[in-house]
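S.K.: My file is final.cif. It has mmCIF, C-alpha atoms (C1' of nucleotides):
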data_data
#
loop_
_atom_site.label_atom_id
_atom_site.label_comp_id
_atom_site.auth_asym_id
_atom_site.auth_seq_id
_atom_site.Cartn_x
_atom_site.Cartn_y
_atom_site.Cartn_z
CA MET K 207 -11.14 2.92 -41.47
CA SER K 208 -14.15 3.29 -39.26
CA GLY K 209 -13.94 5.74 -36.39
CA SER K 210 -13.28 4.64 -32.86
CA PRO K 211 -15.06 1.31 -32.54
CA ILE K 212 -14.91 1.35 -28.79
CA THR K 213 -17.29 3.59 -26.91
CA GLU K 214 -15.94 5.08 -23.74
CA SER K 215 -19.03 4.12 -21.81
CA SER K 216 -17.62 3.95 -18.32
CA ALA K 217 -15.11 4.76 -15.66
CA GLU K 218 -12.15 6.89 -16.48
CA LEU K 219 -9.48 6.59 -13.84
CA ASP K 220 -10.34 9.79 -12.00
CA ASP K 221 -13.99 8.75 -11.85
CA LEU K 222 -13.22 5.57 -9.95
CA VAL K 223 -13.98 5.83 -6.27
CA GLY K 224 -11.27 3.28 -5.52
CA TYR K 225 -8.61 5.35 -7.26
CA ASN K 226 -9.70 8.53 -5.51
CA LEU K 227 -9.62 6.71 -2.19
CA LYS K 228 -6.05 5.72 -2.93
CA ARG K 229 -4.96 9.21 -3.81
CA VAL K 230 -6.61 10.75 -0.74
CA TYR K 231 -5.17 8.00 1.45
CA MET K 232 -1.74 8.88 0.06
CA ILE K 233 -2.23 12.53 1.05
CA PHE K 234 -2.94 11.49 4.62
CA GLN K 235 -0.17 8.91 4.71
CA ASP K 236 2.55 11.24 3.43
CA LYS K 237 2.17 13.59 6.35
CA LEU K 238 1.74 10.71 8.78
CA ARG K 239 5.15 9.40 7.73
CA ASP K 240 6.73 12.76 8.45
CA ILE K 241 5.24 12.94 11.92
CA LEU K 242 6.03 9.34 12.83
CA GLY K 243 9.49 9.49 11.31
CA GLN K 244 10.50 11.99 13.99
CA GLU K 245 9.86 9.26 16.56
CA GLY K 246 11.52 6.56 14.47
CA LEU K 247 8.18 4.88 13.84
CA ALA K 248 6.54 3.55 10.70
CA PRO K 249 2.76 3.80 10.26
CA ARG K 250 2.31 0.13 11.05
CA SER K 251 4.38 0.41 14.21
CA TYR K 252 2.23 3.29 15.33
CA SER K 253 -0.96 1.36 14.69
CA VAL K 254 0.34 -1.52 16.82
CA LEU K 255 1.45 0.81 19.59
CA SER K 256 -1.88 2.57 19.48
CA LEU K 257 -3.87 -0.62 19.82
CA THR K 258 -1.77 -1.85 22.74
CA VAL K 259 -2.28 1.45 24.52
CA GLN K 260 -5.98 1.22 23.87
CA GLN K 261 -6.18 -2.44 24.87
CA PRO K 262 -3.25 -3.50 27.08
CA SER K 263 -2.37 -7.20 27.32
CA VAL K 264 -3.77 -7.84 23.87
CA THR K 265 -2.29 -10.90 22.19
CA GLN K 266 -0.44 -10.79 18.89
CA SER K 267 -3.04 -12.91 17.15
CA GLU K 268 -5.84 -10.66 18.28
CA LEU K 269 -3.84 -7.65 17.16
CA ALA K 270 -3.21 -9.11 13.73
CA ARG K 271 -6.92 -9.80 13.37
CA ARG K 272 -7.80 -6.23 14.34
CA LEU K 273 -5.28 -4.82 11.90
CA GLY K 274 -6.22 -7.15 9.08
CA ILE K 275 -2.68 -8.45 8.63
CA GLU K 276 -0.98 -11.83 9.12
CA ARG K 277 0.35 -12.91 12.50
CA SER K 278 3.76 -13.48 10.95
CA GLY K 279 3.95 -9.88 9.85
CA LEU K 280 3.47 -8.71 13.38
CA VAL K 281 6.63 -10.31 14.75
CA ALA K 282 9.04 -7.83 13.21
CA ILE K 283 6.86 -4.89 14.15
CA VAL K 284 6.69 -5.97 17.79
CA ASP K 285 10.41 -6.72 17.76
CA GLY K 286 11.04 -3.16 16.65
CA LEU K 287 8.76 -1.59 19.22
CA GLU K 288 10.26 -3.76 21.94
CA SER K 289 13.80 -2.79 20.98
CA LEU K 290 12.73 0.86 21.12
CA GLY K 291 11.49 0.22 24.64
CA LEU K 292 7.92 1.17 23.76
CA LEU K 293 6.22 -2.10 24.61
CA GLU K 294 6.90 -5.48 26.20
CA ARG K 295 5.98 -9.08 25.55
CA VAL K 296 4.70 -10.49 28.81
CA GLY K 297 4.04 -14.18 29.39
CA VAL K 298 0.52 -15.06 30.46
CA PRO K 299 0.16 -17.48 33.43
CA GLY K 300 -2.79 -19.44 32.12
CA ASP K 301 -1.60 -20.07 28.55
CA ARG K 302 2.05 -20.47 27.74
CA ARG K 303 1.48 -19.96 24.03
CA VAL K 304 0.45 -16.32 24.13
CA GLN K 305 2.47 -13.19 24.66
CA ALA K 306 0.48 -10.30 26.08
CA LEU K 307 1.60 -6.97 24.63
CA THR K 308 1.77 -4.10 27.07
CA PRO K 309 3.07 -0.60 26.39
CA THR K 310 5.78 0.75 28.63
CA LEU K 311 5.44 4.16 30.24
CA THR K 312 7.66 5.55 27.50
CA GLY K 313 5.45 3.83 24.95
CA ARG K 314 2.38 5.53 26.33
CA GLU K 315 4.14 8.88 26.37
CA VAL K 316 5.34 8.54 22.79
CA HIS K 317 1.90 7.41 21.71
CA GLU K 318 0.18 10.30 23.43
CA ARG K 319 2.32 13.08 22.02
CA THR K 320 2.29 11.48 18.58
CA ALA K 321 -1.47 11.05 18.66
CA VAL K 322 -1.86 14.74 19.39
CA ARG K 323 0.28 15.69 16.42
CA ILE K 324 -1.56 13.28 14.14
CA ALA K 325 -4.91 14.61 15.24
CA ARG K 326 -3.72 18.14 14.65
CA ASP K 327 -2.58 17.27 11.16
CA GLU K 328 -5.83 15.54 10.30
CA GLU K 329 -7.63 18.63 11.54
CA ARG K 330 -5.56 20.68 9.11
CA LEU K 331 -6.23 18.36 6.18
CA LEU K 332 -9.95 18.25 6.91
CA SER K 333 -10.23 21.99 7.44
CA VAL K 334 -11.01 22.42 3.75
CA LEU K 335 -14.32 20.64 4.36
CA SER K 336 -17.42 21.98 6.02
CA GLY K 337 -18.30 20.49 9.38
CA GLN K 338 -21.13 18.68 7.72
CA ASP K 339 -18.87 17.14 5.08
CA ARG K 340 -16.33 16.17 7.69
CA ARG K 341 -18.95 14.28 9.65
CA ALA K 342 -20.33 12.76 6.45
CA LEU K 343 -16.90 11.49 5.43
CA ILE K 344 -16.29 9.83 8.77
CA ARG K 345 -19.75 8.30 8.80
CA ILE K 346 -19.51 7.03 5.22
CA LEU K 347 -16.08 5.47 5.69
CA GLY K 348 -17.30 3.75 8.83
CA ARG K 349 -20.33 2.39 7.05
CA LEU K 350 -18.28 1.03 4.16
CA ARG K 351 -15.98 -0.71 6.64
CA ASP K 352 -18.89 -2.12 8.60
CA MET K 353 -20.64 -3.46 5.56
CA HIS K 354 -17.70 -4.88 3.63
CA GLU K 355 -14.86 -5.70 5.97
CA VAL K 356 -14.35 -9.33 6.79
CA ARG K 357 -14.50 -9.64 10.50
CA GLY K 358 -12.47 -12.52 12.00
CA MET D 159 0.55 4.06 42.62
CA SER D 160 -1.25 6.86 40.94
CA GLY D 161 -3.73 5.95 38.25
CA SER D 162 -2.96 6.17 34.57
CA PRO D 163 -0.82 9.30 34.24
CA ILE D 164 -1.51 9.65 30.57
CA THR D 165 -4.90 10.91 29.51
CA GLU D 166 -6.26 9.37 26.36
CA SER D 167 -7.16 12.76 24.98
CA SER D 168 -7.06 12.01 21.28
CA ALA D 169 -7.19 9.73 18.30
CA GLU D 170 -7.57 6.07 18.79
CA LEU D 171 -6.71 4.19 15.65
CA ASP D 172 -10.25 3.64 14.44
CA ASP D 173 -11.00 7.33 14.92
CA LEU D 174 -8.27 8.41 12.53
CA VAL D 175 -9.61 9.41 9.14
CA GLY D 176 -6.34 8.34 7.53
CA TYR D 177 -6.60 4.83 8.93
CA ASN D 178 -10.22 4.49 7.86
CA LEU D 179 -9.28 5.70 4.40
CA LYS D 180 -6.67 2.97 4.25
CA ARG D 181 -9.06 0.24 5.31
CA VAL D 182 -11.76 1.33 2.88
CA TYR D 183 -9.20 1.66 0.11
CA MET D 184 -8.14 -1.93 0.84
CA ILE D 185 -11.73 -3.11 0.43
CA PHE D 186 -11.89 -1.55 -3.01
CA GLN D 187 -8.45 -2.75 -3.98
CA ASP D 188 -9.01 -6.38 -3.03
CA LYS D 189 -11.82 -6.77 -5.49
CA LEU D 190 -10.00 -4.74 -8.11
CA ARG D 191 -7.14 -7.23 -7.97
CA ASP D 192 -9.53 -10.11 -8.59
CA ILE D 193 -11.05 -8.44 -11.62
CA LEU D 194 -7.74 -7.31 -13.11
CA GLY D 195 -6.05 -10.61 -12.35
CA GLN D 196 -8.32 -12.30 -14.85
CA GLU D 197 -6.73 -10.14 -17.55
CA GLY D 198 -3.22 -10.58 -16.20
CA LEU D 199 -3.09 -6.96 -15.07
CA ALA D 200 -2.02 -5.31 -11.85
CA PRO D 201 -3.82 -2.19 -10.60
CA ARG D 202 -0.97 0.06 -11.71
CA SER D 203 -0.94 -1.47 -15.18
CA TYR D 204 -4.65 -0.81 -15.47
CA SER D 205 -4.24 2.79 -14.41
CA VAL D 206 -1.59 3.30 -17.09
CA LEU D 207 -3.69 1.59 -19.73
CA SER D 208 -6.69 3.64 -18.73
CA LEU D 209 -4.85 6.94 -19.02
CA THR D 210 -3.44 6.06 -22.43
CA VAL D 211 -6.92 5.18 -23.67
CA GLN D 212 -8.23 8.43 -22.29
CA GLN D 213 -5.33 10.46 -23.64
CA PRO D 214 -3.55 8.69 -26.51
CA SER D 215 0.01 9.72 -27.37
CA VAL D 216 0.65 10.79 -23.81
CA THR D 217 4.33 10.75 -22.86
CA GLN D 218 5.72 8.66 -20.04
CA SER D 219 6.78 11.71 -18.06
CA GLU D 220 3.33 13.23 -18.31
CA LEU D 221 1.83 9.91 -17.27
CA ALA D 222 4.09 9.62 -14.25
CA ARG D 223 3.11 13.12 -13.22
CA ARG D 224 -0.59 12.33 -13.55
CA LEU D 225 -0.22 9.14 -11.54
CA GLY D 226 1.99 10.68 -8.90
CA ILE D 227 4.76 8.12 -9.34
CA GLU D 228 8.36 8.27 -10.53
CA ARG D 229 9.23 8.04 -14.22
CA SER D 230 11.58 5.17 -13.46
CA GLY D 231 8.73 3.17 -12.00
CA LEU D 232 6.78 3.52 -15.21
CA VAL D 233 9.31 1.70 -17.36
CA ALA D 234 8.52 -1.80 -16.11
CA ILE D 235 4.79 -1.13 -16.24
CA VAL D 236 4.93 0.00 -19.85
CA ASP D 237 7.24 -2.90 -20.70
CA GLY D 238 4.63 -5.26 -19.34
CA LEU D 239 1.72 -3.68 -21.17
CA GLU D 240 3.73 -3.61 -24.38
CA SER D 241 4.64 -7.29 -24.08
CA LEU D 242 0.96 -8.08 -23.56
CA GLY D 243 0.25 -6.23 -26.79
CA LEU D 244 -1.97 -3.69 -25.08
CA LEU D 245 -0.06 -0.54 -25.92
CA GLU D 246 2.87 0.68 -28.00
CA ARG D 247 5.72 3.09 -27.63
CA VAL D 248 5.68 5.28 -30.69
CA GLY D 249 8.46 7.68 -31.58
CA VAL D 250 7.43 11.30 -32.01
CA PRO D 251 8.71 13.10 -35.14
CA GLY D 252 9.51 16.44 -33.55
CA ASP D 253 11.32 15.20 -30.44
CA ARG D 254 13.40 12.06 -30.44
CA ARG D 255 13.50 11.90 -26.64
CA VAL D 256 9.85 11.17 -26.06
CA GLN D 257 7.91 7.98 -26.56
CA ALA D 258 4.21 8.52 -27.15
CA LEU D 259 2.13 5.79 -25.56
CA THR D 260 -0.79 4.59 -27.62
CA PRO D 261 -3.13 1.72 -26.82
CA THR D 262 -3.56 -1.01 -29.41
CA LEU D 263 -7.02 -2.10 -30.50
CA THR D 264 -6.69 -5.05 -28.14
CA GLY D 265 -5.65 -2.65 -25.41
CA ARG D 266 -8.78 -0.59 -25.90
CA GLU D 267 -10.93 -3.71 -25.89
CA VAL D 268 -9.36 -5.06 -22.72
CA HIS D 269 -9.69 -1.67 -21.09
CA GLU D 270 -13.33 -1.30 -22.05
CA ARG D 271 -14.53 -4.66 -20.81
CA THR D 272 -12.43 -4.33 -17.65
CA ALA D 273 -13.73 -0.83 -16.99
CA VAL D 274 -17.27 -2.15 -17.19
CA ARG D 275 -16.55 -4.83 -14.64
CA ILE D 276 -14.81 -2.40 -12.32
CA ALA D 277 -17.68 0.05 -12.53
CA ARG D 278 -20.12 -2.75 -11.78
CA ASP D 279 -18.13 -3.78 -8.73
CA GLU D 280 -17.88 -0.22 -7.43
CA GLU D 281 -21.63 0.04 -7.85
CA ARG D 282 -22.00 -3.05 -5.69
CA LEU D 283 -19.64 -1.74 -3.01
CA LEU D 284 -21.36 1.65 -2.95
CA SER D 285 -24.86 0.19 -2.93
CA VAL D 286 -24.82 0.21 0.88
CA LEU D 287 -24.87 4.01 0.73
CA SER D 288 -27.75 6.29 -0.07
CA GLY D 289 -27.53 8.16 -3.34
CA GLN D 290 -26.88 11.30 -1.38
CA ASP D 291 -23.98 9.74 0.53
CA ARG D 292 -22.55 8.31 -2.65
CA ARG D 293 -22.47 11.74 -4.25
CA ALA D 294 -21.11 13.26 -1.04
CA LEU D 295 -18.26 10.75 -0.91
CA ILE D 296 -17.23 11.43 -4.48
CA ARG D 297 -17.44 15.17 -4.00
CA ILE D 298 -15.50 15.11 -0.72
CA LEU D 299 -12.71 12.92 -2.07
CA GLY D 300 -12.40 15.18 -5.09
CA ARG D 301 -12.18 18.25 -2.91
CA LEU D 302 -9.50 16.75 -0.69
CA ARG D 303 -7.48 15.88 -3.77
CA ASP D 304 -7.94 19.32 -5.29
CA MET D 305 -6.92 21.12 -2.13
CA HIS D 306 -3.99 18.98 -1.04
CA GLU D 307 -2.48 17.18 -3.99
CA VAL D 308 0.77 18.53 -5.30
CA ARG D 309 0.28 19.23 -8.94
CA GLY D 310 3.45 18.99 -11.00
"C1'" DT B 97 -6.29 -41.71 28.43
"C1'" DG B 98 -4.29 -40.87 24.18
"C1'" DA B 99 -4.41 -39.30 19.44
"C1'" DA B 100 -5.62 -35.72 16.50
"C1'" DA B 101 -6.70 -31.18 15.61
"C1'" DT B 102 -6.05 -26.46 16.63
"C1'" DC B 103 -3.79 -22.36 18.20
"C1'" DT B 104 0.36 -19.02 19.10
"C1'" DG B 105 4.32 -17.18 17.91
"C1'" DT B 106 8.23 -17.70 14.95
"C1'" DT B 107 11.39 -18.22 10.87
"C1'" DA B 108 12.71 -18.21 6.05
"C1'" DC B 109 11.63 -17.03 1.68
"C1'" DC B 110 9.49 -14.27 -1.91
"C1'" DA B 111 6.82 -10.84 -4.76
"C1'" DA B 112 4.96 -6.24 -5.44
"C1'" DG B 113 5.45 -1.46 -5.31
"C1'" DG B 114 7.96 2.27 -4.86
"C1'" DT B 115 12.17 5.55 -4.49
"C1'" DA B 116 16.80 7.57 -5.53
"C1'" DA B 117 20.97 8.07 -8.13
"C1'" DA B 118 23.53 7.64 -12.07
"C1'" DC B 119 23.71 7.23 -17.27
"C1'" DT B 120 22.52 7.98 -22.43
"C1'" DG B 121 20.85 10.48 -25.84
"C1'" DT B 122 18.27 14.72 -27.18
"C1'" DT B 123 16.82 19.41 -27.06
"C1'" DA B 124 16.97 24.18 -25.22
"C1'" DT B 125 19.50 28.18 -23.47
"C1'" DT B 126 22.78 31.71 -23.48
"C1'" DA Q 34 30.08 26.11 -28.71
"C1'" DA Q 35 29.29 25.21 -24.12
"C1'" DT Q 36 26.09 24.39 -20.71
"C1'" DA Q 37 21.83 23.30 -18.77
"C1'" DA Q 38 17.60 20.85 -18.83
"C1'" DC Q 39 14.76 16.98 -20.20
"C1'" DA Q 40 12.96 11.95 -21.53
"C1'" DG Q 41 13.64 7.53 -20.85
"C1'" DT Q 42 16.25 3.95 -18.86
"C1'" DT Q 43 19.04 1.03 -15.70
"C1'" DT Q 44 20.43 -0.34 -11.36
"C1'" DA Q 45 20.37 -0.91 -6.58
"C1'" DC Q 46 17.73 -0.62 -2.65
"C1'" DC Q 47 13.92 -0.42 0.77
"C1'" DT Q 48 9.47 -1.11 2.61
"C1'" DT Q 49 5.29 -3.59 3.01
"C1'" DG Q 50 3.10 -7.34 2.68
"C1'" DG Q 51 2.14 -12.47 2.00
"C1'" DT Q 52 2.93 -17.75 2.16
"C1'" DA Q 53 4.56 -21.98 3.89
"C1'" DA Q 54 6.50 -24.66 7.19
"C1'" DC Q 55 7.65 -25.29 12.04
"C1'" DA Q 56 7.77 -26.14 17.42
"C1'" DG Q 57 5.54 -25.92 21.43
"C1'" DA Q 58 1.18 -25.53 24.01
"C1'" DT Q 59 -3.49 -26.45 24.42
"C1'" DT Q 60 -7.98 -28.24 23.31
"C1'" DT Q 61 -11.07 -31.68 21.44
"C1'" DC Q 62 -12.98 -35.91 21.28
"C1'" DA Q 63 -13.11 -40.86 20.20
#
Please render this file's structure as structure tokens.

M.R.:
Amino acid sequence: MSGSPITESSAELDDLVGYNLKRVYMIFQDKLRDILGQEGLAPRSYSVLSLTVQQPSVTQSELARRLGIERSGLVAIVDGLESLGLLERVGVPGDRRVQALTPTLTGREVHERTAVRIARDEERLLSVLSGQDRRALIRILGRLRDMHEVRG
Amino acid sequence: MSGSPITESSAELDDLVGYNLKRVYMIFQDKLRDILGQEGLAPRSYSVLSLTVQQPSVTQSELARRLGIERSGLVAIVDGLESLGLLERVGVPGDRRVQALTPTLTGREVHERTAVRIARDEERLLSVLSGQDRRALIRILGRLRDMHEVRG
DNA sequence: TGAAATCTGTTACCAAGGTAAACTGTTATT
DNA sequence: AATAACAGTTTACCTTGGTAACAGATTTCA
């Protein structure tokens, strides 16, 4: 019997940036689910609603590209939001393929009050960081997205 | 017609820290899947293998607590790792309820060479940051986990 | 012009990841 | 001894996503 033949040269789980990103993401997502659940929304539904508020008449394909998901996955989400009366599919005169997504007044109201609650909760979660660290986190995450995300 | 009655006072999607965490986490996870796929492992299987290497004879309950998942979810993962010959359930003399999880030699080898590749890939992903930002990211993520994670 | 390629939205199917509740056997409490 | 608590497991379920194939509309281009 020799001792341990394998040297533990690298990366334990808690040292992996990817794993820590996951765990911190879970912290944020847990509370997000609570807030959105009160409006009957899932995180993905909120992200779609948010983007249509921000950019009315956006097409589903464009939305899928922005969210980094498949077009097919968007159908059910939009169906749900439409049945809740939060947005509408509107035909576009020039191109009969596309459906422009536009939030209803109710949709904008729900989005606004939900956005406020989400922002407040993020403020709470980030309050354990200094202002400098908060800004650094936002800047660093943005840079990692810019440098590594595949843009369609 | 009045103008837009809703003021866009807060949080567009790309301004939410939670959403940016998700997107950055996805960047890290995509490549992780590639690397682990070559060994026939899923991310969760790797995390279990890694923790058993780091802490041999850990129980399944303890492992579930450390990973923040349900005990029931661990069964299939351990089944898979056991059938791959990477770890073993070993009965514990004192307590016939628990199954101590211990990596096999093969398990330690697979873990070691995989850990090296994962570390190399994280290095690549983080190379777009300054050394200072890299350290800040790691420190900030750790602090958010420490302050907000429910410890069982 | 007409054929081929491309694009949009849709459907049906499927796999991964996770949770919750109920069950067995074991150990601890009182 | 009776009861509670615990470890692991099974089962059923749900959510999130992805893939492939499709129809209709539009664009490209030979």

S.K.: Please return the superposed copy of chain D as a short mmCIF file (atom, residue, chain, number, x, y, z; two decimals) with C-alpha atoms, in the frame of the given file; the fit should be least squares onto chain K across all sequentially paired Cα atoms.

M.R.:
data_model
loop_
_atom_site.label_atom_id
_atom_site.label_comp_id
_atom_site.auth_asym_id
_atom_site.auth_seq_id
_atom_site.Cartn_x
_atom_site.Cartn_y
_atom_site.Cartn_z
CA MET D 159 -11.59 3.53 -41.52
CA SER D 160 -14.49 3.57 -39.18
CA GLY D 161 -14.25 5.83 -36.17
CA SER D 162 -13.35 4.61 -32.73
CA PRO D 163 -15.06 1.22 -32.45
CA ILE D 164 -14.92 1.21 -28.71
CA THR D 165 -17.31 3.44 -26.83
CA GLU D 166 -15.92 4.97 -23.69
CA SER D 167 -19.00 3.99 -21.74
CA SER D 168 -17.54 3.80 -18.26
CA ALA D 169 -15.00 4.63 -15.63
CA GLU D 170 -12.08 6.76 -16.48
CA LEU D 171 -9.42 6.52 -13.84
CA ASP D 172 -10.26 9.72 -12.01
CA ASP D 173 -13.91 8.68 -11.87
CA LEU D 174 -13.15 5.50 -9.97
CA VAL D 175 -13.92 5.78 -6.28
CA GLY D 176 -11.21 3.24 -5.51
CA TYR D 177 -8.55 5.30 -7.25
CA ASN D 178 -9.64 8.49 -5.52
CA LEU D 179 -9.57 6.67 -2.20
CA LYS D 180 -6.00 5.67 -2.93
CA ARG D 181 -4.90 9.18 -3.81
CA VAL D 182 -6.55 10.72 -0.77
CA TYR D 183 -5.14 7.99 1.45
CA MET D 184 -1.68 8.86 0.07
CA ILE D 185 -2.17 12.50 1.05
CA PHE D 186 -2.89 11.48 4.62
CA GLN D 187 -0.12 8.93 4.72
CA ASP D 188 2.60 11.25 3.46
CA LYS D 189 2.20 13.59 6.37
CA LEU D 190 1.77 10.72 8.79
CA ARG D 191 5.19 9.42 7.77
CA ASP D 192 6.76 12.79 8.50
CA ILE D 193 5.25 12.96 11.96
CA LEU D 194 6.04 9.36 12.87
CA GLY D 195 9.52 9.54 11.38
CA GLN D 196 10.49 12.01 14.06
CA GLU D 197 9.87 9.28 16.63
CA GLY D 198 11.54 6.59 14.55
CA LEU D 199 8.21 4.90 13.88
CA ALA D 200 6.58 3.57 10.74
CA PRO D 201 2.81 3.82 10.28
CA ARG D 202 2.34 0.13 11.06
CA SER D 203 4.40 0.41 14.23
CA TYR D 204 2.23 3.30 15.35
CA SER D 205 -0.94 1.36 14.68
CA VAL D 206 0.34 -1.51 16.81
CA LEU D 207 1.44 0.81 19.59
CA SER D 208 -1.89 2.57 19.48
CA LEU D 209 -3.89 -0.63 19.80
CA THR D 210 -1.80 -1.86 22.72
CA VAL D 211 -2.32 1.44 24.52
CA GLN D 212 -6.02 1.22 23.85
CA GLN D 213 -6.23 -2.44 24.82
CA PRO D 214 -3.31 -3.50 27.03
CA SER D 215 -2.44 -7.20 27.27
CA VAL D 216 -3.82 -7.83 23.81
CA THR D 217 -2.35 -10.91 22.14
CA GLN D 218 -0.48 -10.79 18.86
CA SER D 219 -3.08 -12.92 17.10
CA GLU D 220 -5.88 -10.66 18.23
CA LEU D 221 -3.87 -7.65 17.11
CA ALA D 222 -3.23 -9.12 13.68
CA ARG D 223 -6.93 -9.79 13.32
CA ARG D 224 -7.82 -6.23 14.29
CA LEU D 225 -5.28 -4.80 11.87
CA GLY D 226 -6.18 -7.13 9.05
CA ILE D 227 -2.63 -8.39 8.59
CA GLU D 228 -0.91 -11.75 9.04
CA ARG D 229 0.43 -12.85 12.42
CA SER D 230 3.82 -13.45 10.84
CA GLY D 231 4.00 -9.84 9.75
CA LEU D 232 3.48 -8.69 13.31
CA VAL D 233 6.63 -10.30 14.66
CA ALA D 234 9.08 -7.80 13.17
CA ILE D 235 6.86 -4.88 14.14
CA VAL D 236 6.68 -5.98 17.76
CA ASP D 237 10.41 -6.72 17.75
CA GLY D 238 11.03 -3.16 16.67
CA LEU D 239 8.73 -1.60 19.23
CA GLU D 240 10.22 -3.77 21.95
CA SER D 241 13.77 -2.79 21.02
CA LEU D 242 12.72 0.86 21.16
CA GLY D 243 11.45 0.21 24.67
CA LEU D 244 7.90 1.15 23.78
CA LEU D 245 6.17 -2.11 24.60
CA GLU D 246 6.84 -5.49 26.17
CA ARG D 247 5.93 -9.08 25.54
CA VAL D 248 4.63 -10.45 28.79
CA GLY D 249 3.95 -14.12 29.39
CA VAL D 250 0.43 -14.99 30.47
CA PRO D 251 0.07 -17.34 33.47
CA GLY D 252 -2.82 -19.42 32.18
CA ASP D 253 -1.57 -20.04 28.64
CA ARG D 254 2.10 -20.36 27.82
CA ARG D 255 1.50 -19.91 24.09
CA VAL D 256 0.40 -16.31 24.18
CA GLN D 257 2.42 -13.17 24.66
CA ALA D 258 0.42 -10.27 26.05
CA LEU D 259 1.55 -6.97 24.59
CA THR D 260 1.72 -4.10 27.03
CA PRO D 261 3.02 -0.61 26.38
CA THR D 262 5.74 0.74 28.64
CA LEU D 263 5.38 4.15 30.26
CA THR D 264 7.61 5.54 27.54
CA GLY D 265 5.42 3.83 24.97
CA ARG D 266 2.34 5.53 26.34
CA GLU D 267 4.10 8.88 26.38
CA VAL D 268 5.33 8.54 22.81
CA HIS D 269 1.89 7.42 21.72
CA GLU D 270 0.15 10.30 23.44
CA ARG D 271 2.29 13.09 22.06
CA THR D 272 2.29 11.49 18.60
CA ALA D 273 -1.48 11.04 18.66
CA VAL D 274 -1.86 14.73 19.41
CA ARG D 275 0.28 15.68 16.46
CA ILE D 276 -1.54 13.30 14.15
CA ALA D 277 -4.91 14.62 15.24
CA ARG D 278 -3.71 18.16 14.66
CA ASP D 279 -2.55 17.28 11.17
CA GLU D 280 -5.81 15.54 10.30
CA GLU D 281 -7.62 18.64 11.50
CA ARG D 282 -5.53 20.68 9.09
CA LEU D 283 -6.17 18.33 6.17
CA LEU D 284 -9.91 18.23 6.88
CA SER D 285 -10.19 21.98 7.39
CA VAL D 286 -10.97 22.40 3.69
CA LEU D 287 -14.28 20.63 4.32
CA SER D 288 -17.38 21.96 5.96
CA GLY D 289 -18.25 20.49 9.33
CA GLN D 290 -21.10 18.67 7.68
CA ASP D 291 -18.84 17.11 5.04
CA ARG D 292 -16.30 16.16 7.66
CA ARG D 293 -18.93 14.27 9.63
CA ALA D 294 -20.31 12.75 6.42
CA LEU D 295 -16.88 11.47 5.41
CA ILE D 296 -16.29 9.82 8.75
CA ARG D 297 -19.74 8.29 8.79
CA ILE D 298 -19.50 7.02 5.20
CA LEU D 299 -16.07 5.46 5.68
CA GLY D 300 -17.28 3.75 8.83
CA ARG D 301 -20.31 2.37 7.05
CA LEU D 302 -18.26 1.02 4.16
CA ARG D 303 -15.98 -0.71 6.63
CA ASP D 304 -18.87 -2.12 8.63
CA MET D 305 -20.63 -3.48 5.58
CA HIS D 306 -17.69 -4.89 3.66
CA GLU D 307 -14.84 -5.71 5.99
CA VAL D 308 -14.31 -9.35 6.78
CA ARG D 309 -14.39 -9.69 10.50
CA GLY D 310 -12.35 -12.60 11.82
#

S.K.: Convert the output of the PyMOL selection byres ((chain D and resi 278-294) around 8) on the shown file into explicit residues, formatted as a list in words.

M.R.: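 What the PyMOL selection byres ((chain D and resi 278-294) around 8) grabs from the file is Leu222, Val223, Gly224, Asp339, Ala342, Leu343, Ile346, Arg349, Leu350, Met353 and His354 of chain K; Phe186, Lys189, Val274, Arg275, Ile276, Ala277, Leu295, Ile296, Arg297 and Ile298 of chain D.
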
S.K.: Starting from the shown file, work through the PyMOL selection byres ((chain Q and resi 56-63) around 12) and note down what comes out as a PyMOL selection string.

M.R.: (chain K and resi 300-304) or (chain B and resi 97-107) or (chain Q and resi 54-55)

S.K.: Go ahead and save the residues from that selection, with C-alpha atoms (C1' of nucleotides), as a compact mmCIF listing (two decimals), in the frame of the given file.

M.R.:
# COMPACT_ATOMS: atom_id res chain seq x y z
CA GLY K 300 -2.79 -19.44 32.12
CA ASP K 301 -1.60 -20.07 28.55
CA ARG K 302 2.05 -20.47 27.74
CA ARG K 303 1.48 -19.96 24.03
CA VAL K 304 0.45 -16.32 24.13
C1' DT B 97 -6.29 -41.71 28.43
C1' DG B 98 -4.29 -40.87 24.18
C1' DA B 99 -4.41 -39.30 19.44
C1' DA B 100 -5.62 -35.72 16.50
C1' DA B 101 -6.70 -31.18 15.61
C1' DT B 102 -6.05 -26.46 16.63
C1' DC B 103 -3.79 -22.36 18.20
C1' DT B 104 0.36 -19.02 19.10
C1' DG B 105 4.32 -17.18 17.91
C1' DT B 106 8.23 -17.70 14.95
C1' DT B 107 11.39 -18.22 10.87
C1' DA Q 54 6.50 -24.66 7.19
C1' DC Q 55 7.65 -25.29 12.04

S.K.: Apply the PyMOL selection byres ((chain K) within 12 of (chain Q)) to the file shown and report the selected residues as a list of chain:residue names.

M.R.: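 With the shown file as input, the PyMOL selection byres ((chain K) within 12 of (chain Q)) matches K:Ala248, K:Pro249, K:Arg250, K:Ser251, K:Gly274, K:Ile275, K:Glu276, K:Arg277, K:Ser278, K:Gly279, K:Leu280, K:Ala282, K:Ile283, K:Gly300, K:Asp301, K:Arg302, K:Arg303, K:Val304.
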
S.K.: What lies within 8 Å of Tyr252 in chain K using only C-alpha atoms (C1' of nucleotides), ignoring chain neighbours under 5 positions off, as a list in words?

M.R.: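 Contacts, with the query itself left out: Leu242, Leu247 and His317 of chain K.
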